[in-house]
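K.L.:
Handing over final09.pdb, PDB, C-alpha atoms.
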```
ATOM      1  CA  MET A1039     229.690   7.717  95.939
ATOM      2  CA  HIS A1040     232.316   9.831  97.705
ATOM      3  CA  ARG A1041     232.795  10.469 101.419
ATOM      4  CA  LEU A1042     234.340  13.875 101.969
ATOM      5  CA  ARG A1043     234.467  16.265 104.915
ATOM      6  CA  TYR A1044     235.308  19.716 103.612
ATOM      7  CA  SER A1045     235.387  21.590 100.366
ATOM      8  CA  ASN A1046     235.295  25.140  99.055
ATOM      9  CA  ALA A1047     234.132  23.970  95.623
ATOM     10  CA  VAL A1048     231.480  25.983  93.797
ATOM     11  CA  SER A1049     229.418  24.436  91.017
ATOM     12  CA  GLU A1050     228.819  26.664  88.018
ATOM     13  CA  HIS A1051     225.189  25.476  88.016
ATOM     14  CA  TYR A1052     224.334  26.238  91.623
ATOM     15  CA  PHE A1053     221.963  29.169  90.961
ATOM     16  CA  THR A1054     220.114  27.600  88.038
ATOM     17  CA  ALA A1055     216.688  26.121  88.642
ATOM     18  CA  HIS A1056     217.255  22.896  86.716
ATOM     19  CA  PRO A1057     220.931  21.854  86.803
ATOM     20  CA  HIS A1058     222.001  19.658  83.892
ATOM     21  CA  SER A1059     225.259  18.439  85.399
ATOM     22  CA  SER A1060     225.612  14.843  86.551
ATOM     23  CA  ASN A1061     223.746  13.870  89.688
ATOM     24  CA  GLU A1062     226.816  12.268  91.252
ATOM     25  CA  VAL A1063     226.192  11.654  94.954
ATOM     26  CA  TYR A1064     228.437  12.703  97.838
ATOM     27  CA  GLU A1065     228.112  11.817 101.525
ATOM     28  CA  PHE A1066     230.005  13.201 104.503
ATOM     29  CA  ASP A1067     229.711  14.003 108.194
ATOM     30  CA  VAL A1068     229.819  17.622 109.334
ATOM     31  CA  GLN A1069     229.579  19.598 112.573
ATOM     32  CA  LEU A1070     227.315  22.666 112.481
ATOM     33  CA  LEU A1071     227.390  24.713 115.669
ATOM     34  CA  GLU A1072     227.421  22.062 118.418
ATOM     35  CA  SER A1073     225.669  19.267 116.522
ATOM     36  CA  HIS A1074     226.876  16.579 114.128
ATOM     37  CA  TYR A1075     225.056  15.598 110.945
ATOM     38  CA  HIS A1076     225.309  12.994 108.212
ATOM     39  CA  ILE A1077     224.804  14.751 104.887
ATOM     40  CA  ARG A1078     223.933  13.625 101.384
ATOM     41  CA  THR A1079     224.507  15.971  98.423
ATOM     42  CA  GLN A1080     224.731  15.852  94.648
ATOM     43  CA  ALA A1081     226.639  17.649  91.907
ATOM     44  CA  GLY A1082     224.975  20.704  90.379
ATOM     45  CA  ILE A1083     224.513  22.620  93.636
ATOM     46  CA  PHE A1084     226.633  25.029  95.681
ATOM     47  CA  SER A1085     229.610  23.369  97.430
ATOM     48  CA  PRO A1086     228.388  19.783  97.004
ATOM     49  CA  ARG A1087     231.476  18.173  98.525
ATOM     50  CA  GLY A1088     231.430  19.778 101.952
ATOM     51  CA  LEU A1089     230.823  22.850 104.059
ATOM     52  CA  ASP A1090     231.972  25.997 102.232
ATOM     53  CA  LYS A1091     234.197  28.531 103.982
ATOM     54  CA  GLY A1092     231.575  31.274 103.996
ATOM     55  CA  SER A1093     229.030  29.129 105.835
ATOM     56  CA  ALA A1094     231.724  27.907 108.224
ATOM     57  CA  VAL A1095     232.649  31.503 109.103
ATOM     58  CA  PHE A1096     228.983  32.433 109.382
ATOM     59  CA  LEU A1097     228.222  29.674 111.886
ATOM     60  CA  HIS A1098     231.301  30.594 113.909
ATOM     61  CA  LYS A1099     230.509  34.315 114.054
ATOM     62  CA  VAL A1100     226.720  34.699 113.864
ATOM     63  CA  PRO A1101     225.040  35.905 117.080
ATOM     64  CA  LEU A1102     222.521  33.381 118.342
ATOM     65  CA  VAL A1103     219.163  34.972 119.085
ATOM     66  CA  ASP A1104     216.139  33.723 121.006
ATOM     67  CA  LEU A1105     212.907  33.147 119.118
ATOM     68  CA  ASN A1106     209.428  32.706 120.514
ATOM     69  CA  PRO A1107     207.634  29.420 119.777
ATOM     70  CA  GLY A1108     205.943  29.591 116.390
ATOM     71  CA  SER A1109     208.387  32.136 114.986
ATOM     72  CA  LEU A1110     209.417  31.992 111.350
ATOM     73  CA  ALA A1111     213.031  31.615 110.258
ATOM     74  CA  VAL A1112     214.318  31.541 106.669
ATOM     75  CA  ASP A1113     217.522  30.276 105.089
ATOM     76  CA  LEU A1114     217.770  32.240 101.855
ATOM     77  CA  GLY A1115     219.935  30.402  99.311
ATOM     78  CA  CYS A1116     219.989  27.178 101.284
ATOM     79  CA  GLY A1117     222.086  24.916  99.040
ATOM     80  CA  TRP A1118     222.212  21.466 100.609
ATOM     81  CA  GLY A1119     221.134  23.019 103.900
ATOM     82  CA  PRO A1120     223.961  23.741 106.373
ATOM     83  CA  LEU A1121     222.360  26.943 107.656
ATOM     84  CA  THR A1122     218.909  25.374 107.485
ATOM     85  CA  LEU A1123     219.982  22.492 109.698
ATOM     86  CA  ALA A1124     221.653  24.798 112.215
ATOM     87  CA  LEU A1125     218.573  27.055 112.319
ATOM     88  CA  ALA A1126     216.203  24.130 112.786
ATOM     89  CA  GLN A1127     218.330  22.532 115.500
ATOM     90  CA  SER A1128     218.802  25.830 117.365
ATOM     91  CA  HIS A1129     215.108  26.776 117.171
ATOM     92  CA  PRO A1130     213.114  23.530 117.367
ATOM     93  CA  GLU A1131     209.842  25.338 118.160
ATOM     94  CA  SER A1132     210.124  27.634 115.137
ATOM     95  CA  GLU A1133     209.201  26.991 111.519
ATOM     96  CA  VAL A1134     212.203  27.050 109.180
ATOM     97  CA  ILE A1135     211.832  27.605 105.433
ATOM     98  CA  ALA A1136     214.755  26.614 103.211
ATOM     99  CA  VAL A1137     214.668  28.735 100.033
ATOM    100  CA  ASP A1138     216.639  28.231  96.825
ATOM    101  CA  VAL A1139     216.139  28.546  93.069
ATOM    102  CA  ASN A1140     217.875  25.203  92.509
ATOM    103  CA  GLU A1141     215.382  22.359  92.675
ATOM    104  CA  ARG A1142     218.109  19.815  93.389
ATOM    105  CA  ALA A1143     219.329  21.877  96.356
ATOM    106  CA  LEU A1144     215.792  22.151  97.741
ATOM    107  CA  ALA A1145     215.264  18.405  97.603
ATOM    108  CA  LEU A1146     218.587  17.809  99.341
ATOM    109  CA  SER A1147     217.881  20.370 102.078
ATOM    110  CA  ALA A1148     214.555  18.726 102.836
ATOM    111  CA  ASP A1149     216.121  15.264 102.753
ATOM    112  CA  ASN A1150     219.057  16.237 104.976
ATOM    113  CA  ALA A1151     216.687  17.745 107.535
ATOM    114  CA  LYS A1152     214.549  14.607 107.550
ATOM    115  CA  ARG A1153     217.471  12.186 107.752
ATOM    116  CA  ASN A1154     218.830  14.129 110.742
ATOM    117  CA  GLY A1155     215.541  14.140 112.626
ATOM    118  CA  LEU A1156     214.582  17.794 112.082
ATOM    119  CA  ASN A1157     210.849  18.006 111.430
ATOM    120  CA  ASN A1158     210.382  21.781 111.493
ATOM    121  CA  VAL A1159     211.796  22.398 107.995
ATOM    122  CA  THR A1160     210.033  22.987 104.699
ATOM    123  CA  ALA A1161     211.746  23.711 101.387
ATOM    124  CA  SER A1162     210.378  26.170  98.840
ATOM    125  CA  MET A1163     211.188  28.014  95.645
ATOM    126  CA  PRO A1164     211.485  31.778  96.287
ATOM    127  CA  GLU A1165     208.349  32.935  94.505
ATOM    128  CA  ALA A1166     206.186  30.286  96.140
ATOM    129  CA  ALA A1167     207.506  31.191  99.583
ATOM    130  CA  ILE A1168     207.013  34.930  99.065
ATOM    131  CA  THR A1169     203.485  34.401  97.734
ATOM    132  CA  GLN A1170     202.583  32.305 100.764
ATOM    133  CA  LEU A1171     203.972  34.906 103.171
ATOM    134  CA  GLU A1172     202.179  37.754 101.429
ATOM    135  CA  GLN A1173     198.867  35.872 101.302
ATOM    136  CA  THR A1174     199.005  34.909 104.980
ATOM    137  CA  GLY A1175     200.471  38.205 106.203
ATOM    138  CA  ARG A1176     203.323  36.411 107.963
ATOM    139  CA  THR A1177     206.673  38.098 108.464
ATOM    140  CA  ILE A1178     210.151  36.724 109.052
ATOM    141  CA  ASP A1179     211.628  36.814 112.546
ATOM    142  CA  LEU A1180     215.099  35.552 111.640
ATOM    143  CA  LEU A1181     216.764  35.288 108.239
ATOM    144  CA  TRP A1182     220.146  33.653 107.619
ATOM    145  CA  SER A1183     221.793  33.779 104.220
ATOM    146  CA  ASN A1184     224.969  32.967 102.365
ATOM    147  CA  PRO A1185     223.619  34.896  99.375
ATOM    148  CA  PRO A1186     224.474  34.127  95.731
ATOM    149  CA  ILE A1187     226.818  37.072  95.170
ATOM    150  CA  ARG A1188     227.806  35.856  91.713
ATOM    151  CA  ILE A1189     224.338  36.463  90.251
ATOM    152  CA  GLY A1190     225.382  40.110  89.868
ATOM    153  CA  LYS A1191     224.895  43.280  91.887
ATOM    154  CA  THR A1192     221.536  44.327  90.440
ATOM    155  CA  GLN A1193     219.964  40.914  90.897
ATOM    156  CA  LEU A1194     221.469  40.575  94.362
ATOM    157  CA  HIS A1195     220.076  43.933  95.434
ATOM    158  CA  ASP A1196     216.635  42.996  94.090
ATOM    159  CA  LEU A1197     216.767  39.664  95.912
ATOM    160  CA  LEU A1198     217.783  41.166  99.237
ATOM    161  CA  THR A1199     215.273  44.010  98.968
ATOM    162  CA  ARG A1200     212.358  41.620  98.504
ATOM    163  CA  TRP A1201     213.312  39.374 101.401
ATOM    164  CA  LEU A1202     214.542  41.959 103.882
ATOM    165  CA  ASN A1203     211.299  43.885 103.456
ATOM    166  CA  LEU A1204     209.529  40.786 104.796
ATOM    167  CA  LEU A1205     211.254  41.031 108.177
ATOM    168  CA  SER A1206     208.977  41.528 111.174
ATOM    169  CA  PRO A1207     209.382  44.831 113.078
ATOM    170  CA  GLU A1208     211.725  43.094 115.544
ATOM    171  CA  GLY A1209     213.159  40.709 112.963
ATOM    172  CA  VAL A1210     216.818  40.444 112.093
ATOM    173  CA  ALA A1211     218.816  39.085 109.181
ATOM    174  CA  TYR A1212     222.401  37.862 109.092
ATOM    175  CA  LEU A1213     224.343  37.588 105.834
ATOM    176  CA  VAL A1214     227.845  36.341 105.062
ATOM    177  CA  VAL A1215     229.743  37.960 102.182
ATOM    178  CA  GLN A1216     233.372  37.919 101.122
ATOM    179  CA  LYS A1217     235.174  41.228 101.597
ATOM    180  CA  ASN A1218     236.707  41.038  98.114
ATOM    181  CA  LEU A1219     233.259  40.389  96.609
ATOM    182  CA  GLY A1220     231.790  43.590  97.989
ATOM    183  CA  ALA A1221     230.819  43.027 101.620
ATOM    184  CA  ASP A1222     231.672  46.565 102.721
ATOM    185  CA  SER A1223     229.942  48.201  99.762
ATOM    186  CA  LEU A1224     226.893  46.010 100.429
ATOM    187  CA  ILE A1225     226.737  47.308 104.011
ATOM    188  CA  LYS A1226     226.844  50.860 102.677
ATOM    189  CA  TRP A1227     224.102  50.116 100.150
ATOM    190  CA  LEU A1228     221.889  48.499 102.795
ATOM    191  CA  ASN A1229     222.224  51.550 105.027
ATOM    192  CA  ASN A1230     221.045  53.710 102.138
ATOM    193  CA  GLN A1231     217.880  51.604 101.909
ATOM    194  CA  ALA A1232     215.205  51.205 104.585
ATOM    195  CA  HIS A1233     217.575  49.157 106.742
ATOM    196  CA  THR A1234     220.335  49.462 109.283
ATOM    197  CA  ALA A1235     223.320  47.218 108.599
ATOM    198  CA  SER A1236     226.619  46.611 110.345
ATOM    199  CA  LYS A1237     229.451  44.100 110.484
ATOM    200  CA  VAL A1238     229.168  41.818 113.524
ATOM    201  CA  GLY A1239     232.029  39.444 112.756
ATOM    202  CA  SER A1240     234.750  38.648 110.247
ATOM    203  CA  SER A1241     237.237  35.877 109.525
ATOM    204  CA  GLN A1242     239.185  34.473 106.569
ATOM    205  CA  GLY A1243     238.133  37.338 104.309
ATOM    206  CA  TYR A1244     234.410  37.055 105.057
ATOM    207  CA  ARG A1245     232.095  39.540 106.773
ATOM    208  CA  VAL A1246     229.002  38.584 108.780
ATOM    209  CA  ILE A1247     226.476  41.403 108.395
ATOM    210  CA  GLU A1248     223.504  42.141 110.648
ATOM    211  CA  VAL A1249     220.490  43.802 109.009
ATOM    212  CA  ARG A1250     217.355  45.218 110.614
ATOM    213  CA  LEU A1251     214.533  47.417 109.419
ATOM    214  CA  ALA A1252     215.329  51.091 110.007
TER     215      ALA A1252
END
```
Would you mind writing the structure in this file as structure tokens?

P.N.:
Amino acid sequence: MHRLRYSNAVSEHYFTAHPHSSNEVYEFDVQLLESHYHIRTQAGIFSPRGLDKGSAVFLHKVPLVDLNPGSLAVDLGCGWGPLTLALAQSHPESEVIAVDVNERALALSADNAKRNGLNNVTASMPEAAITQLEQTGRTIDLLWSNPPIRIGKTQLHDLLTRWLNLLSPEGVAYLVVQKNLGADSLIKWLNNQAHTASKVGSSQGYRVIEVRLA
């Protein structure tokens, strides 16, 4: 078991459903927004040894919005749950869904929420979450995402299209993307879809992008 505070490491297995890498355990303490958390992670997920730079920039730059009690917030591509935890802590009267294709990441997000006393979090595979939303007619009031850029442009566009179309009429999404991995071209693409997108913050080569329905 390792105790580490910060890492920009990326596992090559992080966007696979069933990682086959070792399940080596890491533990560390981290500050997310104004709160401190004790985190447990494992190999085979995104940035298992600490908070990645993109999420750190996101939490520093993202505008904090008010949500009504009972609102729905989503962390798309949750990993071990840094954005999930910050969402749940900031909006204790909202339901937060942590979404990821990696089953190991989902289990860790749920566990990290529980171990840090956050009881408004559920973890779900993407298709299951979308099916539930469509069947119940619910829409998303706030979506945060450090999206998996490395899955490729076509798959990324398909992923974002499906989830952004689930925003409520007043809903808003915030994404963090590296400039050199296409943040500016992504903004342009989003504005050519049924959305309005703009940069609301940047630091260390990352852009934080706000997206709303047009």

K.L.:
Quick one: of A:Asn1061, A:Ser1085, A:Thr1160, A:Thr1174, who's nearest to Ala1111 (chain A), counting only C-alpha atoms?

P.N.:
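Closest candidate: A:Thr1160.
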
K.L.:
What would the selection look like, as a ChimeraX atom specification, if the PyMOL selection byres ((chain A and resi 1221) around 10) were run on the coordinates I just shared?

P.N.:
/A:1187,1213-1220,1222-1227,1237,1243-1247

K.L.:
Calculate how many Å separate CA of His1076 (chain A) from CA of Arg1153 (chain A), rounding to one decimal.

P.N.:
7.9 Å

K.L.:
So that I can check the surroundings of His1195 (chain A), please list as a compact mmCIF listing (two decimals) with C-alpha atoms, in the coordinates of the input every protein, DNA and RNA residue that reaches within 9 Å of it, counting only C-alpha atoms and ignoring chain neighbours fewer than 3 positions away.

P.N.:
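Saved the output as selection36.txt:
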```txt
# COMPACT_ATOMS: atom_id res chain seq x y z
CA GLY A 1190 225.38 40.11 89.87
CA LYS A 1191 224.90 43.28 91.89
CA THR A 1192 221.54 44.33 90.44
CA LEU A 1198 217.78 41.17 99.24
CA THR A 1199 215.27 44.01 98.97
CA ARG A 1200 212.36 41.62 98.50
CA LEU A 1224 226.89 46.01 100.43
CA TRP A 1227 224.10 50.12 100.15
CA LEU A 1228 221.89 48.50 102.80
```

K.L.:
How many Å separate CA of Ile1189 (chain A) from CA of Pro1164 (chain A)?

P.N.:
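The value is 15.0 Å.
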
K.L.:
Find, counting only C-alpha atoms, the residue in A:Pro1120, A:Gly1155, A:Gly1108, A:Gly1175 that gets nearest to Gly1092 (chain A).

P.N.:
A:Pro1120

K.L.:
Distance table requested - region 1149-1203 of chain A against region 1133-1140 of chain A, cut-off 8 Å, only C-alpha atoms: one row per qualifying residue with the closest atom pair and its distance in Å to one decimal, ordered by chain and rising residue number, as JSON lines.

P.N.:
```
{"residue": "A:Asn1158", "atom": "CA", "partner": "A:Glu1133", "partner_atom": "CA", "distance": 5.3}
{"residue": "A:Val1159", "atom": "CA", "partner": "A:Val1134", "partner_atom": "CA", "distance": 4.8}
{"residue": "A:Thr1160", "atom": "CA", "partner": "A:Ile1135", "partner_atom": "CA", "distance": 5.0}
{"residue": "A:Ala1161", "atom": "CA", "partner": "A:Ala1136", "partner_atom": "CA", "distance": 4.6}
{"residue": "A:Ser1162", "atom": "CA", "partner": "A:Val1137", "partner_atom": "CA", "distance": 5.1}
{"residue": "A:Met1163", "atom": "CA", "partner": "A:Asp1138", "partner_atom": "CA", "distance": 5.6}
{"residue": "A:Pro1164", "atom": "CA", "partner": "A:Val1137", "partner_atom": "CA", "distance": 5.8}
{"residue": "A:Ala1167", "atom": "CA", "partner": "A:Val1137", "partner_atom": "CA", "distance": 7.6}
```

K.L.:
From the options A:Leu1180, A:Val1095, A:Val1068, A:Leu1089, which residue's atoms come nearest to Ser1241 (chain A), counting only C-alpha atoms?

P.N.:
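Counting only C-alpha atoms, the residue closest to Ser1241 (chain A) is A:Val1095.
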
K.L.:
From the list A:Leu1110, A:Leu1071, A:Leu1156, A:Ala1235, which residue is nearest Leu1204 (chain A) when using all atoms listed in the file?

P.N.:
A:Leu1110

K.L.:
When the PyMOL selection byres ((chain A and resi 1210) around 12) is applied to the structure above, which residues does it catch, written out as number ranges by chain?

P.N.:
A: 1100-1105, 1110-1112, 1177-1183, 1201-1209, 1211-1213, 1233-1236, 1247-1252

K.L.:
What's the separation between CA of Lys1099 (chain A) and CA of Val1238 (chain A), in Å to one decimal place?

P.N.:
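Here the two named atoms are 7.6 Å from each other.
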
K.L.:
Show which residues sit within 9 Å of Ala1143 (chain A), as a ChimeraX atom specification. Count all atoms listed in the file, and ignore same-chain residues fewer than 6 positions away.

P.N.:
/A:1052,1079-1080,1082-1084,1116-1119

K.L.:
Smallest atom-to-atom distance to Leu1114 (chain A): which of A:Ser1128, A:Gln1242, A:Asn1184, A:Ser1093, using all atoms listed in the file?

P.N.:
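Under the stated criterion, the closest residue is A:Asn1184.
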
K.L.:
From the set A:Leu1194, A:Leu1125, A:Ala1166, A:Ile1077, which residue has the shortest atom-to-atom contact distance to Lys1152 (chain A), counting all atoms listed in the file?

P.N.:
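The answer is A:Ile1077, which sits nearest to Lys1152 (chain A).
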